[in-house]
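Peer 1: Next up, final35.tsv (TSV, C-alpha atoms).
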chain	number	residue	atom	x	y	z
A	1	MET	CA	97.05	20.45	50.22
A	2	TRP	CA	98.59	17.11	51.15
A	3	THR	CA	98.22	13.50	50.01
A	4	THR	CA	98.75	10.13	51.69
A	5	LEU	CA	98.41	6.73	50.06
A	6	SER	CA	97.01	3.69	51.82
A	7	LYS	CA	98.04	0.08	51.44
A	8	THR	CA	96.75	-1.87	48.45
A	9	VAL	CA	93.87	-4.23	49.19
A	10	ARG	CA	93.51	-7.32	47.03
A	11	ALA	CA	90.14	-8.72	46.05
A	12	GLY	CA	89.35	-12.14	44.62
A	13	THR	CA	87.73	-12.81	41.30
A	14	ALA	CA	83.97	-12.55	41.45
A	15	ILE	CA	81.75	-15.41	40.31
A	16	ALA	CA	79.37	-14.79	37.42
A	17	VAL	CA	75.70	-14.72	38.32
A	18	ARG	CA	72.54	-15.18	36.30
A	19	ARG	CA	71.13	-12.10	34.63
A	20	ASN	CA	67.73	-11.39	33.13
A	21	PHE	CA	68.62	-9.88	29.76
A	22	CYS	CA	65.01	-8.74	29.30
A	23	THR	CA	65.49	-6.13	32.02
A	24	PRO	CA	65.76	-2.68	30.38
A	25	VAL	CA	68.83	-0.55	31.06
A	26	VAL	CA	68.10	2.33	33.43
A	27	ASN	CA	70.05	5.44	32.51
A	28	ILE	CA	71.41	6.98	35.70
A	29	PHE	CA	73.85	9.49	34.24
A	30	ASP	CA	73.19	12.37	31.86
A	31	ARG	CA	75.87	11.94	29.21
A	32	LYS	CA	75.12	15.34	27.66
A	33	ALA	CA	75.71	17.01	31.03
A	34	LYS	CA	78.95	15.08	31.46
A	35	ARG	CA	80.15	16.21	28.05
A	36	LEU	CA	79.42	19.83	28.92
A	37	GLN	CA	81.25	19.45	32.23
A	38	ARG	CA	84.34	18.07	30.48
A	39	GLU	CA	84.26	20.78	27.82
A	40	ARG	CA	83.92	23.49	30.48
A	41	ALA	CA	86.79	22.06	32.52
A	42	ALA	CA	89.06	21.68	29.47
A	43	ARG	CA	88.57	25.34	28.49
A	44	ARG	CA	89.81	26.65	31.83
A	45	ASP	CA	93.14	28.48	31.74
A	46	ASP	CA	94.25	26.64	34.90
A	47	VAL	CA	93.02	23.18	33.86
A	48	GLU	CA	96.37	21.59	34.81
A	49	LEU	CA	95.81	22.45	38.48
A	50	TYR	CA	92.99	19.91	38.75
A	51	ASP	CA	94.71	16.94	37.10
A	52	TYR	CA	96.46	15.67	40.24
A	53	ILE	CA	94.15	12.67	40.85
A	54	LYS	CA	93.79	11.64	37.21
A	55	GLU	CA	97.49	12.14	36.46
A	56	GLU	CA	98.44	9.90	39.40
A	57	VAL	CA	96.02	7.15	38.35
A	58	GLY	CA	97.00	7.44	34.68
A	59	TRP	CA	100.67	7.05	35.57
A	60	ARG	CA	99.89	3.93	37.61
A	61	LEU	CA	97.89	2.42	34.74
A	62	ALA	CA	100.71	3.12	32.28
A	63	ASP	CA	103.08	1.38	34.69
A	64	ARG	CA	100.82	-1.69	34.67
A	65	ILE	CA	101.03	-1.76	30.87
A	66	PHE	CA	104.83	-1.88	31.15
A	67	ASP	CA	104.51	-4.86	33.51
A	68	ILE	CA	103.07	-6.95	30.66
A	69	LYS	CA	106.11	-8.19	28.77
A	70	ARG	CA	104.86	-7.84	25.22
A	71	GLN	CA	104.58	-5.19	22.53
A	72	PHE	CA	101.07	-4.03	21.65
A	73	HIS	CA	100.53	-3.20	17.98
A	74	ASN	CA	97.11	-1.55	18.17
A	75	ALA	CA	95.70	-0.02	21.37
A	76	VAL	CA	92.89	2.29	22.47
A	77	ASP	CA	92.80	4.72	25.40
A	78	LEU	CA	89.08	4.73	26.22
A	79	GLY	CA	87.95	7.92	27.94
A	80	ALA	CA	91.38	9.43	27.44
A	81	GLY	CA	90.55	12.88	28.80
A	82	ARG	CA	93.62	15.10	28.47
A	83	GLY	CA	95.87	12.07	27.90
A	84	TYR	CA	96.34	10.85	31.46
A	85	VAL	CA	97.50	7.46	30.13
A	86	THR	CA	98.51	8.38	26.58
A	87	ASN	CA	101.01	10.93	27.88
A	88	HIS	CA	102.87	8.18	29.78
A	89	VAL	CA	102.87	5.32	27.25
A	90	LEU	CA	106.11	4.76	25.29
A	91	GLY	CA	106.37	3.85	21.64
A	92	GLU	CA	108.50	0.83	22.53
A	93	THR	CA	105.49	-0.67	24.34
A	94	VAL	CA	102.61	0.43	22.06
A	95	GLN	CA	103.15	0.90	18.34
A	96	ARG	CA	99.87	2.65	17.54
A	97	LEU	CA	97.34	4.15	19.96
A	98	THR	CA	93.96	5.78	19.44
A	99	ALA	CA	92.74	8.12	22.20
A	100	VAL	CA	88.96	8.44	22.34
A	101	ASP	CA	86.82	10.66	24.57
A	102	LEU	CA	83.48	12.40	24.79
A	103	SER	CA	85.12	15.85	24.83
A	104	PRO	CA	86.90	17.11	21.67
A	105	THR	CA	88.53	19.96	23.60
A	106	MET	CA	90.19	17.51	25.99
A	107	LEU	CA	91.37	15.35	23.08
A	108	ALA	CA	92.98	18.38	21.44
A	109	GLN	CA	95.16	18.88	24.54
A	110	ILE	CA	96.79	15.41	24.47
A	111	LYS	CA	100.53	15.63	23.89
A	112	GLY	CA	101.59	11.98	23.82
A	113	THR	CA	105.19	10.86	24.25
A	114	PRO	CA	108.16	11.03	21.85
A	115	GLY	CA	108.03	8.13	19.40
A	116	LEU	CA	104.40	7.22	20.12
A	117	ASP	CA	102.18	6.99	17.04
A	118	PHE	CA	98.81	8.18	18.35
A	119	THR	CA	95.62	9.65	16.93
A	120	VAL	CA	92.50	11.08	18.61
A	121	GLN	CA	88.87	10.28	17.91
A	122	GLU	CA	85.75	11.75	19.46
A	123	MET	CA	83.58	8.90	20.75
A	124	ASP	CA	81.15	8.30	23.59
A	125	GLU	CA	82.37	5.50	25.87
A	126	GLU	CA	78.83	4.09	25.79
A	127	ARG	CA	79.09	3.74	21.99
A	128	PHE	CA	82.49	2.10	21.83
A	129	ALA	CA	82.81	0.79	18.26
A	130	PHE	CA	85.98	-0.70	16.78
A	131	GLU	CA	86.34	-3.60	14.38
A	132	GLU	CA	85.99	-7.04	15.89
A	133	ASN	CA	89.30	-8.70	16.87
A	134	SER	CA	91.28	-5.59	15.87
A	135	LEU	CA	92.91	-4.45	19.14
A	136	ASP	CA	95.65	-5.87	21.36
A	137	LEU	CA	95.02	-3.54	24.29
A	138	VAL	CA	92.25	-1.32	25.64
A	139	VAL	CA	93.04	0.90	28.61
A	140	SER	CA	90.54	3.13	30.41
A	141	SER	CA	91.40	5.57	33.18
A	142	MET	CA	88.79	7.29	35.36
A	143	SER	CA	85.88	7.40	32.90
A	144	MET	CA	84.02	4.09	33.25
A	145	HIS	CA	82.22	5.18	36.44
A	146	TRP	CA	80.10	7.53	34.28
A	147	VAL	CA	78.90	4.76	31.91
A	148	ASN	CA	75.25	3.77	32.32
A	149	ASP	CA	75.47	0.21	30.93
A	150	LEU	CA	78.82	-1.20	32.04
A	151	PRO	CA	78.09	-4.82	30.92
A	152	ALA	CA	77.34	-3.63	27.37
A	153	CYS	CA	80.48	-1.48	27.33
A	154	PHE	CA	82.60	-4.38	28.57
A	155	ARG	CA	81.14	-6.68	25.90
A	156	ALA	CA	81.93	-4.10	23.20
A	157	VAL	CA	85.52	-3.89	24.43
A	158	ASN	CA	85.75	-7.68	24.50
A	159	ARG	CA	84.51	-7.95	20.90
A	160	SER	CA	87.09	-5.45	19.68
A	161	LEU	CA	90.01	-7.27	21.33
A	162	LYS	CA	91.95	-10.05	19.65
A	163	PRO	CA	92.09	-13.41	21.45
A	164	ASP	CA	94.45	-13.01	24.42
A	165	GLY	CA	93.98	-9.24	24.26
A	166	VAL	CA	93.94	-7.37	27.54
A	167	PHE	CA	91.65	-4.74	29.08
A	168	ILE	CA	93.25	-2.60	31.80
A	169	GLY	CA	91.25	0.04	33.63
A	170	ALA	CA	90.63	2.15	36.69
A	171	MET	CA	87.49	3.80	38.04
A	172	PHE	CA	86.23	5.43	41.21
A	173	GLY	CA	84.93	2.93	43.77
A	174	GLY	CA	81.99	3.04	46.15
A	175	GLU	CA	83.95	4.54	49.08
A	176	THR	CA	84.90	7.62	47.07
A	177	LEU	CA	83.98	10.90	48.81
A	178	TYR	CA	82.14	9.14	51.62
A	179	GLU	CA	83.02	12.10	53.86
A	180	LEU	CA	81.33	14.61	51.56
A	181	ARG	CA	78.33	12.34	51.09
A	182	SER	CA	77.86	11.92	54.84
A	183	ALA	CA	78.19	15.63	55.57
A	184	LEU	CA	75.67	16.64	52.90
A	185	GLN	CA	73.19	13.97	53.96
A	186	LEU	CA	73.34	14.95	57.63
A	187	ALA	CA	73.02	18.64	56.83
A	188	GLU	CA	70.11	18.14	54.47
A	189	GLN	CA	68.35	15.83	56.90
A	190	GLU	CA	68.67	18.52	59.57
A	191	ARG	CA	67.70	21.52	57.42
A	192	ARG	CA	65.26	20.00	54.91
A	193	GLY	CA	64.02	16.84	56.60
A	194	GLY	CA	65.00	14.66	53.62
A	195	LEU	CA	67.85	13.53	51.36
A	196	SER	CA	68.90	14.29	47.79
A	197	PRO	CA	71.55	12.45	45.70
A	198	HIS	CA	74.31	15.08	45.69
A	199	ILE	CA	77.08	12.50	45.06
A	200	SER	CA	76.84	10.24	42.02
A	201	PRO	CA	76.66	6.49	42.76
A	202	PHE	CA	79.87	4.52	42.22
A	203	THR	CA	80.48	0.85	41.47
A	204	GLN	CA	81.38	-1.40	44.40
A	205	ILE	CA	84.53	-3.48	44.12
A	206	ARG	CA	82.55	-6.69	44.69
A	207	ASP	CA	80.57	-5.97	41.49
A	208	VAL	CA	83.46	-5.19	39.13
A	209	GLY	CA	84.61	-8.81	38.82
A	210	MET	CA	81.07	-9.98	38.13
A	211	LEU	CA	80.59	-7.33	35.44
A	212	LEU	CA	83.89	-8.19	33.74
A	213	ASN	CA	83.05	-11.88	33.88
A	214	ARG	CA	79.65	-11.14	32.35
A	215	GLY	CA	81.41	-9.14	29.62
A	216	GLY	CA	83.41	-12.21	28.59
A	217	PHE	CA	86.74	-11.57	30.32
A	218	THR	CA	88.81	-14.14	32.15
A	219	LEU	CA	91.98	-14.28	34.30
A	220	LEU	CA	90.74	-11.25	36.24
A	221	THR	CA	92.89	-9.20	38.62
A	222	ILE	CA	91.17	-6.58	40.77
A	223	ASP	CA	92.63	-4.40	43.51
A	224	THR	CA	91.99	-1.03	45.12
A	225	ASP	CA	93.99	1.96	46.28
A	226	GLU	CA	92.83	4.89	48.33
A	227	LEU	CA	94.09	8.42	47.77
A	228	VAL	CA	93.42	10.58	50.83
A	229	VAL	CA	93.75	14.26	49.91
A	230	GLY	CA	93.69	17.21	52.30
A	231	TYR	CA	91.75	20.42	51.60
A	232	PRO	CA	91.36	23.64	53.61
A	233	SER	CA	87.58	23.08	53.73
A	234	MET	CA	84.68	21.36	51.98
A	235	PHE	CA	84.31	24.26	49.56
A	236	GLU	CA	87.81	23.83	48.08
A	237	LEU	CA	87.04	20.14	47.54
A	238	MET	CA	83.82	20.95	45.67
A	239	TYR	CA	85.61	23.58	43.61
A	240	ASP	CA	88.31	21.08	42.61
A	241	LEU	CA	85.71	18.44	41.69
A	242	LYS	CA	84.22	20.93	39.26
A	243	GLY	CA	87.67	21.61	37.81
A	244	MET	CA	88.21	17.86	37.37
A	245	ALA	CA	84.88	17.59	35.49
A	246	GLU	CA	83.76	15.18	38.23
A	247	SER	CA	80.66	17.06	39.34
A	248	ASN	CA	77.43	15.13	39.77
A	249	ALA	CA	75.89	14.13	36.41
A	250	ALA	CA	73.01	11.94	37.59
A	251	PHE	CA	69.59	12.69	36.12
A	252	SER	CA	68.17	12.86	39.66
A	253	ARG	CA	70.72	15.43	40.87
A	254	PRO	CA	69.29	18.53	42.56
A	255	LEU	CA	69.96	21.71	40.61
A	256	HIS	CA	70.31	23.86	43.73
A	257	ILE	CA	71.62	23.49	47.28
A	258	GLY	CA	70.59	26.09	49.81
A	259	ARG	CA	73.26	28.27	51.38
A	260	ASP	CA	72.18	27.21	54.85
A	261	THR	CA	72.54	23.54	53.90
A	262	LEU	CA	76.03	24.12	52.48
A	263	MET	CA	77.20	26.00	55.56
A	264	ALA	CA	75.81	23.27	57.81
A	265	ALA	CA	77.48	20.58	55.69
A	266	ALA	CA	80.83	22.40	55.85
A	267	ALA	CA	80.60	22.60	59.65
A	268	ILE	CA	79.70	18.92	59.92
A	269	TYR	CA	82.53	17.99	57.55
A	270	GLN	CA	85.04	19.98	59.60
A	271	ASP	CA	83.80	18.43	62.84
A	272	MET	CA	83.75	14.80	61.63
A	273	TYR	CA	86.72	14.67	59.25
A	274	ALA	CA	89.09	17.35	60.51
A	275	ARG	CA	92.77	16.95	59.77
A	276	VAL	CA	95.80	18.78	61.08
A	277	SER	CA	99.13	18.99	59.27
A	278	LYS	CA	102.38	20.85	59.94
A	279	ASP	CA	103.88	23.22	57.40
A	280	ASP	CA	107.50	22.16	56.80
A	281	ALA	CA	108.58	25.71	56.01
A	282	THR	CA	107.05	27.56	58.97
A	283	GLY	CA	106.42	24.72	61.41
A	284	LEU	CA	102.88	26.00	61.97
A	285	GLU	CA	99.89	23.69	62.16
A	286	GLN	CA	97.32	23.86	59.36
A	287	GLN	CA	93.66	23.01	59.85
A	288	GLY	CA	91.77	21.25	57.08
A	289	VAL	CA	89.62	18.29	56.09
A	290	SER	CA	90.38	15.02	54.32
A	291	ALA	CA	88.66	13.49	51.28
A	292	THR	CA	88.99	9.86	50.22
A	293	PHE	CA	89.15	8.75	46.58
A	294	GLN	CA	88.87	4.96	46.22
A	295	ILE	CA	90.37	3.73	42.95
A	296	ILE	CA	89.44	0.29	41.60
A	297	PHE	CA	92.08	-1.15	39.26
A	298	PHE	CA	91.23	-4.15	37.10
A	299	VAL	CA	92.82	-6.34	34.42
A	300	GLY	CA	90.84	-8.74	32.25
A	301	TRP	CA	91.89	-10.94	29.33
A	302	LYS	CA	89.92	-12.09	26.32
A	303	PRO	CA	89.79	-15.91	26.36
A	304	CYS	CA	92.30	-17.75	24.19
A	305	ALA	CA	93.24	-21.43	23.83
A	306	THR	CA	96.87	-20.67	24.73
A	307	GLN	CA	95.99	-19.21	28.15
A	308	PRO	CA	96.56	-21.27	31.31
A	309	GLN	CA	93.61	-23.57	31.99
A	310	PRO	CA	92.46	-24.97	35.34
A	311	ALA	CA	93.30	-28.61	36.01
A	312	GLU	CA	90.52	-31.16	35.72
A	313	ARG	CA	88.48	-31.79	38.82
A	314	GLY	CA	89.88	-34.73	40.80
A	315	SER	CA	93.34	-34.60	39.18
A	316	ALA	CA	95.16	-33.43	42.34
A	317	THR	CA	97.76	-35.82	43.77
A	318	VAL	CA	98.14	-34.23	47.22
A	319	SER	CA	95.44	-33.52	49.79
A	320	PHE	CA	95.22	-30.14	51.49
A	321	LYS	CA	95.55	-31.87	54.87
A	322	ASP	CA	99.04	-33.06	53.82
A	323	LEU	CA	100.13	-29.65	52.49
A	324	GLY	CA	102.23	-28.87	55.58
A	325	GLU	CA	104.23	-32.08	55.19
A	326	VAL	CA	104.87	-31.38	51.49
A	327	ILE	CA	106.18	-27.87	52.25
A	328	THR	CA	108.42	-29.24	55.03
A	329	LYS	CA	109.91	-31.86	52.71
A	330	LYS	CA	110.67	-29.27	50.02
A	331	LYS	CA	112.48	-27.05	52.54
A	332	GLN	CA	114.63	-30.01	53.61
Take the structure in this file and express it as structure tokens.
Peer 2:
Amino acid sequence: MWTTLSKTVRAGTAIAVRRNFCTPVVNIFDRKAKRLQRERAARRDDVELYDYIKEEVGWRLADRIFDIKRQFHNAVDLGAGRGYVTNHVLGETVQRLTAVDLSPTMLAQIKGTPGLDFTVQEMDEERFAFEENSLDLVVSSMSMHWVNDLPACFRAVNRSLKPDGVFIGAMFGGETLYELRSALQLAEQERRGGLSPHISPFTQIRDVGMLLNRGGFTLLTIDTDELVVGYPSMFELMYDLKGMAESNAAFSRPLHIGRDTLMAAAAIYQDMYARVSKDDATGLEQQGVSATFQIIFFVGWKPCATQPQPAERGSATVSFKDLGEVITKKKQ
């Protein structure tokens, strides 16, 4: 297995759009199935083998917390899993942290860090409920892409934060596992004459800013990373997804895939997304396939009067057409 990281791509803040609040929420994901998947994964003896994606993202999120030069008194790790963020946060940065997740078995495996005062609480991310204006920080790593009503979840997080509180998170983006999706669709189209949703839908990066804005957050920062991971074949990838508790949990998911469809999909995957690497120890070439995991990172702040405010319209003293002359004068 091998991993390469792509360059970070920055995205601008999305503009809020009108929404019809009379529209009912359509539940796409089966939360009971997702809980069972997490419980099953957490009870595996080799559960640590499948943490490589979530550990990497959790470490990066914890590093972003350190970048904010303040001490947080009361924080929540939303969708904590096995402590992918909690296990990297220091007590000097966060005084008290509550790790919440859908799976009690995963919560029981959180170790924390020396000096960190943390507790665990079983809670569905869709029913996030803390006292209003009680938290300084909410962090969520790799769980929000399974929430049915993201705007409602974001509003609940916003209500729980104090003014100038911060929400830091990461979730899978729309380009995640596009190779697997393409291979399964082509194979099923060939063998069955139709398509089934084998890969759960993911949020597009262009929508995350809009959803955060709708949830009441401001001063948004959104960027993406891509983790490209190598596997011997499509089957090892699917096996690892199950170990990560990232199997499909959509209500419309097919309960069975024919053997002929799987074999065709594996051949298509190998043909379209083949990857060759060289073993450093033996110098021999290794055949395999690549899988892309797109990670959307975001930071949003609860509005506060002390935050920087945009200047009034028409208050500028220099025109954009004269910007070059201003920069030249400053250099001189």
Peer 1: Extract, using all atoms listed in the file, all DNA, RNA and protein residues at most 7 Å from region 163-178 of chain A, discarding same-chain residues fewer than 2 positions from it, and format them as number ranges by chain.
Peer 2: A: 136-145, 161, 180-182, 202-205, 291-304
Peer 1: Rank A:Lys331, A:Arg60, A:Arg275, A:His198 by their smallest atom-to-atom distance to Val228 (chain A), using all atoms listed in the file, and report the top residue only.
Peer 2: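 Distance minimum relative to Val228 (chain A) lands on A:Arg275.
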Peer 1: Quick one, how far is CA of Leu61 (chain A) from CA of Asp46 (chain A)?
Peer 2: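 Distance reported for this atom pair: 24.5 Å.
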Peer 1: For each of A:Gln309, A:Ser200, A:Gln37, A:Ser134, take the minimum atom-to-atom distance to Ser252 (chain A), counting all atoms listed in the file, then give the residue where this is smallest.
Peer 2: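 Answer, going by the shortest atom-to-atom distance: A:Ser200.
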Peer 1: Out of A:Lys329, A:Leu212, A:Ser247, A:Glu179, which residue has the shortest atom-to-atom distance to Ala274 (chain A) when counting only C-alpha atoms?
Peer 2: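 Smallest separation from Ala274 (chain A) among the options: A:Glu179.
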Peer 1: Tell me, as a ChimeraX atom specification, which residues lie within 12 Å of Leu107 (chain A), counting all atoms listed in the file; anything in the same chain fewer than 3 positions away does not count.
Peer 2: /A:38-39,42-43,77-84,86-87,98-104,110-112,118-123
Peer 1: Neighbouring residues of Asn74 (chain A) were defined as those with any atom within 6 Å, considering all atoms listed in the file; residues of the same chain fewer than 6 positions away were excluded. Please report them as a PyMOL selection string.
Peer 2: chain A and resi 96-97+135-136
Peer 1: Kindly give the distance, in Å, that separates CA of Leu262 (chain A) and CA of Pro201 (chain A), rounded to a single decimal.
Peer 2: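 About the pair CA of Leu262 (chain A) and CA of Pro201 (chain A): they are 20.1 Å apart.
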Peer 1: Enter the distance from CA of Met263 (chain A) to CA of Leu284 (chain A), in Å, rounded to one decimal.
Peer 2: 26.5 Å
Peer 1: Could you write out as AutoDock Vina command-line options the box around region 207-216 of chain A (axis-aligned, all atoms listed in the file, 6 Å on each side), with centre and edge lengths in Å to one decimal?
Peer 2:
--center_x 82.1 --center_y -8.7 --center_z 35.0 --size_x 17.0 --size_y 19.0 --size_z 24.9
Peer 1: Could you check the closest approach to Phe29 (chain A) for each of A:Asp149, A:Asp322, A:Glu236, A:Glu226 and tell me which residue wins, using all atoms listed in the file?
Peer 2: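 Looking at the shortest contact to Phe29 (chain A), the residue is A:Asp149.
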Peer 1: Using only C-alpha atoms, which residue out of A:Ser196, A:Thr282, A:Thr317, A:Asn248 lies closest to Ile28 (chain A)?
Peer 2: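 The answer is A:Asn248, which sits nearest to Ile28 (chain A).
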Peer 1: Can you list every residue of region 178-249 of chain A that has an atom at most 10 Å from region 153-157 of chain A, with its nearest atom pair and the distance in Å to one decimal, using all atoms listed in the file, ordered by chain then number, as JSON lines?
Peer 2:
{"residue": "A:Leu211", "atom": "CA", "partner": "A:Phe154", "partner_atom": "CA", "distance": 7.7}
{"residue": "A:Leu212", "atom": "CA", "partner": "A:Phe154", "partner_atom": "CA", "distance": 6.6}
{"residue": "A:Asn213", "atom": "CA", "partner": "A:Phe154", "partner_atom": "CA", "distance": 9.2}
{"residue": "A:Arg214", "atom": "CA", "partner": "A:Arg155", "partner_atom": "CA", "distance": 8.0}
{"residue": "A:Gly215", "atom": "CA", "partner": "A:Arg155", "partner_atom": "CA", "distance": 4.5}
{"residue": "A:Gly216", "atom": "CA", "partner": "A:Arg155", "partner_atom": "CA", "distance": 6.6}
{"residue": "A:Phe217", "atom": "CA", "partner": "A:Phe154", "partner_atom": "CA", "distance": 8.5}
Peer 1: Which residue out of A:Leu227, A:Val289, A:Ala266, A:Ala249 has the minimum interatomic distance to Asn148 (chain A) when all atoms listed in the file are used?
Peer 2: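 Residue with the minimum atom-to-atom distance to Asn148 (chain A): A:Ala249.
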